[in-house]
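See structure below.
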Amino acid sequence: MAKITLSNLRHSYLPNPSGPVDYALKEIDLDWQDGGAYALLGPSGCGKSTLLNIISGLLVPSEGRILFDDRDVTDLPPDQRNIAQVFQFPVIYDTMTVRDNLAFPLRNRGVDQARIAARVAEIAAMLEVEEMLDTRASHLSPDNKQKISMGRGLVRDDVNVVMFDEPLTVIDPHLKWKLRSKLKELHQRVKATMIYVTHDQTEALTFADQVVVMQEGEVVQIGTPVELFERPQHTFVGHFIGSPGMNVLPAEEHGGGARFQGRHVALEGAVTGQGGTTQIGIRPEFVSLADAGLPARVRKVSDVGRHAVVEAMVGDTPVKAIIEGELPEQGAEVHLAFRPSHTRLYRDGWLSTEVEGAAQ
Amino acid sequence: MKTENQKAWFFVLPVLLLVAFNALVPIMTVVNYSVQETFGNNVFFWQGLDWFEQILRSDRFQAALGRQFLFTFLILIIEIPLGIIIALSMPKKGMWVPVCLVLMALPMLIPWNVVGAMWNIFTLPKIGLLGYFMNDVLGVNYDMTQDPLAAWITIIVMDVWHWTSLVVLLSYAGLVSIPDAYYQAAKIDGASPWKVFRYIQLPKMKTVLTIAILLRFMDSFNIYTEPFVLTGGGPGNSTTLLSIDLVKIALGQFDLGPAAAMSLIYFAITLLVSWLFYTLMTKDDAK
């Protein structure tokens, strides 16, 4: 186990990068605490897999250093970094039995037979694959294959970090949930640092203690699932996390609050900074129907079960609201109310209001 | 109620006729010849299985069969590993991939009798480039028209030159289909290059290798044109493989009965060995 430090990391797949657009990763400074469960969340192409491959040593970064417990490993190959990685598609050795698959990383490192047998038995019990130990790995179902690839990652008890690169992509939906809770359980048992890469917010939020949200090669926000939901530091985080995502509405600053479609909107607290393009951000969960407030016309009502998502037009801007209970008709004229404690101003995408007092 | 539509037969019929005329009828003619004796004028005498017995007991057939198995065994044991090694060392991406692929495909595009003629001219002692170089520059006595060993080495080198590409291309297709994640996982698991080959590359190449071995077995077991053009089966009978011997009996001596019996035996052996190969190599998957 180890603490992992990324300092001034930049990476470009081009031999001579000239501007920021040429970088798949732009300036990353991160500390991963020993034993933490992290998720790396972002849309496809945001650089999360690049970052993962840099930590595992499959890629050497163009600039910057990687430290495992203050030891520089930037130039070490993967097998000397003592890490484990689980890939998007299950990687198993087809011709070997499940037992040999699990023992493979240990045998390659010359661990003695008795120790190997003990570790394999332990991991097999943890993953609940004991009864398939002697079957050929190629005959397993995809979810069991993925379990075995995880097992190969966990079988070494001295790994610095176990990394998961979208490991549930090929798993059937009803098994995804099972494997996900298995992973969480495994993390609590083995206490290894784990980094889980995904573009699925549900996976990230259920697995991780800390979620790192990335966009276009940059880390936008690091926080607990609650922090990301409650107080997104960037409109991207607000929009990317949540279902549906945060409403991001064009607005101007206006006397300590904001003006949206010609009407004053109260914000959570004092506005910081000045200039730039301003927007207000409010999650649909905090928009409600009211007797008075912003006049709007209901455009679409989608009932998603527990609640309904109402999309209403305020002037020419659509606003989404999550409504429980009685639903308005499509085309109805309604009034919307924004809860001030969750209404924030964003300047050029970044959060630009302060929390009033000690409310948060 | 189910009505059966019989129209499908009309679509199948042309193919049936085609197969009948180019395969069934000729084979049945051979079967017909193999159990009769003819002295011309379309006069036939029933002979039973005498020709089969005569062929199987003849030293000449056994020798040709032995040479045939030796030839096939040697080219397989050279071409399969060599093909794999070349495929492994070929680039996986970049501008050299198409160059390598075209270079590899070239020998296979040359008509078979041209291959034989090329190698004949290339290896002739006085006029051939290789023949001249070996005899007059290196001073090694090399004459495939006189020396059986030299003739054997020449036909084997020729076949390796001509057909290793097939194994290379098939293995290469198997290799490039392996996702990068396998190599990355192997690196992380600390696998040595040999283990990567043994547990990742070889298993992934298995299907294409089965096809490669089968094709190379059948083609080399039935080989005729190239050695016929190169050595004509000589010196003496030293490179007279089964097909060359068959043609000598059928068209040289015009012994149609024994030739027909030999054809059927030849066909049966090819079929049997191919079936054995296939069953053995695919046995594991069924488990």
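Letters for chains follow the order of the structure tokens (A, B, ...), residue numbers begin at 1 for each chain, and ligand numbers begin at 1 in the order shown.
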**Request:** Write out as a ChimeraX atom specification the residues lying within 9 Å of Gly242 of chain A, counting only C-alpha atoms and excluding same-chain residues fewer than 6 positions away.
**Result:** /A:201,229,283
**Item:** Test item: chain B residues at most 6 Å from chain A, counting only C-alpha atoms, as JSON, numbers by chain
**Value:** {"B": [182, 187, 188, 189, 190, 191]}
**Message:** Quick check for you: according to DSSP on this backbone, which residues of segment 230-360 of chain A are classed as strand (DSSP E)? Reply as a VMD selection string.
**Reply:** chain A and resid 247 to 250 252 to 254 257 to 260 263 to 265 278 to 282 287 to 290 294 to 303 308 to 314 317 to 323 333 to 338 344 to 347 350 to 351
Take the residues that were just selected and, keeping C-alpha atoms, output them as a tab-separated table (two decimals), in the first residue's frame.
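This went into result-v5.tsv:
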```tsv
chain	number	residue	atom	x	y	z
A	247	ASN	CA	-29.82	23.71	-14.78
A	248	VAL	CA	-27.22	26.13	-16.12
A	249	LEU	CA	-29.00	29.34	-17.07
A	250	PRO	CA	-27.64	32.53	-18.66
A	252	GLU	CA	-26.35	38.70	-15.19
A	253	GLU	CA	-25.15	39.86	-11.82
A	254	HIS	CA	-27.72	42.11	-10.23
A	257	GLY	CA	-28.11	38.45	-6.65
A	258	ALA	CA	-28.67	37.64	-10.29
A	259	ARG	CA	-31.07	38.62	-13.02
A	260	PHE	CA	-32.52	35.82	-15.10
A	263	ARG	CA	-36.31	38.82	-12.95
A	264	HIS	CA	-34.24	38.96	-9.80
A	265	VAL	CA	-33.01	35.64	-8.46
A	278	THR	CA	-22.03	34.58	-15.78
A	279	GLN	CA	-24.58	31.83	-15.39
A	280	ILE	CA	-26.68	30.59	-12.53
A	281	GLY	CA	-26.74	26.95	-11.62
A	282	ILE	CA	-29.52	25.19	-9.77
A	287	VAL	CA	-36.71	24.03	-8.38
A	288	SER	CA	-40.36	23.85	-7.32
A	289	LEU	CA	-43.76	24.95	-8.56
A	290	ALA	CA	-45.10	27.93	-6.67
A	294	LEU	CA	-40.77	32.99	-12.47
A	295	PRO	CA	-43.61	32.61	-14.95
A	296	ALA	CA	-43.08	29.59	-17.18
A	297	ARG	CA	-44.92	27.39	-19.64
A	298	VAL	CA	-44.68	23.60	-19.21
A	299	ARG	CA	-43.15	22.03	-22.29
A	300	LYS	CA	-42.68	18.41	-21.29
A	301	VAL	CA	-43.55	16.19	-18.33
A	302	SER	CA	-41.70	12.88	-18.00
A	303	ASP	CA	-42.80	10.60	-15.23
A	308	ALA	CA	-41.49	13.48	-12.51
A	309	VAL	CA	-39.15	15.72	-14.46
A	310	VAL	CA	-40.98	18.83	-15.61
A	311	GLU	CA	-39.37	20.92	-18.31
A	312	ALA	CA	-40.74	24.45	-18.44
A	313	MET	CA	-39.82	27.40	-20.64
A	314	VAL	CA	-38.92	30.61	-18.87
A	317	THR	CA	-34.73	29.15	-21.69
A	318	PRO	CA	-35.76	25.65	-20.64
A	319	VAL	CA	-35.60	24.90	-16.89
A	320	LYS	CA	-35.93	21.41	-15.47
A	321	ALA	CA	-37.62	20.72	-12.17
A	322	ILE	CA	-38.11	17.53	-10.22
A	323	ILE	CA	-41.68	17.47	-8.93
A	333	GLU	CA	-48.76	28.35	-17.27
A	334	VAL	CA	-46.95	27.90	-13.96
A	335	HIS	CA	-44.58	29.75	-11.64
A	336	LEU	CA	-41.18	28.39	-10.65
A	337	ALA	CA	-39.35	29.01	-7.39
A	338	PHE	CA	-35.58	28.49	-6.95
A	344	ARG	CA	-25.32	29.78	-7.28
A	345	LEU	CA	-23.55	32.05	-9.68
A	346	TYR	CA	-20.88	30.63	-12.00
A	347	ARG	CA	-18.36	32.86	-13.69
A	350	TRP	CA	-16.42	28.25	-12.15
A	351	LEU	CA	-18.35	28.71	-8.91
```
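Taking atom CA of Glu203 of chain A and atom CA of Asp158 of chain A as the two end points, the separation is 26.0 Å.
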**Request:** Within segment 218-324 of chain A, find each residue whose DSSP state, derived from the backbone, is alpha helix (DSSP H), and express the selection as a PyMOL selection string.
**Result:** chain A and resi 225-230+235-240
Test item: residues at most 7 Å from segment 261-273 of chain B, only C-alpha atoms, excluding those fewer than 2 positions along its chain, as a short mmCIF file (atom, residue, chain, number, x, y, z; two decimals) with N, CA and C atoms, in the first residue's frame:
```cif
data_model
loop_
_atom_site.label_atom_id
_atom_site.label_comp_id
_atom_site.auth_asym_id
_atom_site.auth_seq_id
_atom_site.Cartn_x
_atom_site.Cartn_y
_atom_site.Cartn_z
N SER B 34 -10.98 -48.52 -61.42
CA SER B 34 -10.15 -49.15 -60.40
C SER B 34 -10.51 -50.62 -60.16
N TRP B 51 -6.37 -54.59 -58.11
CA TRP B 51 -5.49 -53.43 -58.32
C TRP B 51 -5.10 -52.80 -56.98
N PHE B 52 -6.09 -52.69 -56.09
CA PHE B 52 -5.81 -52.09 -54.78
C PHE B 52 -4.74 -52.90 -54.04
N ILE B 55 -1.32 -52.42 -55.70
CA ILE B 55 -0.72 -51.13 -55.39
C ILE B 55 -0.20 -51.10 -53.95
N MET B 218 -2.53 -30.62 -46.69
CA MET B 218 -3.21 -31.08 -47.91
C MET B 218 -2.45 -30.64 -49.16
N GLY B 257 -6.10 -48.94 -64.67
CA GLY B 257 -6.66 -49.64 -63.51
C GLY B 257 -5.86 -49.37 -62.25
N PRO B 258 -4.56 -49.73 -62.22
CA PRO B 258 -3.73 -49.46 -61.04
C PRO B 258 -3.70 -47.97 -60.69
N ALA B 259 -3.64 -47.10 -61.71
CA ALA B 259 -3.61 -45.66 -61.44
C ALA B 259 -4.89 -45.23 -60.74
N TRP B 275 -8.56 -35.47 -41.33
CA TRP B 275 -9.58 -35.65 -40.30
C TRP B 275 -8.92 -35.85 -38.94
N LEU B 276 -7.84 -36.67 -38.92
CA LEU B 276 -7.12 -36.91 -37.67
C LEU B 276 -6.57 -35.61 -37.08
N PHE B 277 -5.90 -34.83 -37.93
CA PHE B 277 -5.34 -33.54 -37.53
C PHE B 277 -6.42 -32.68 -36.90
#
```
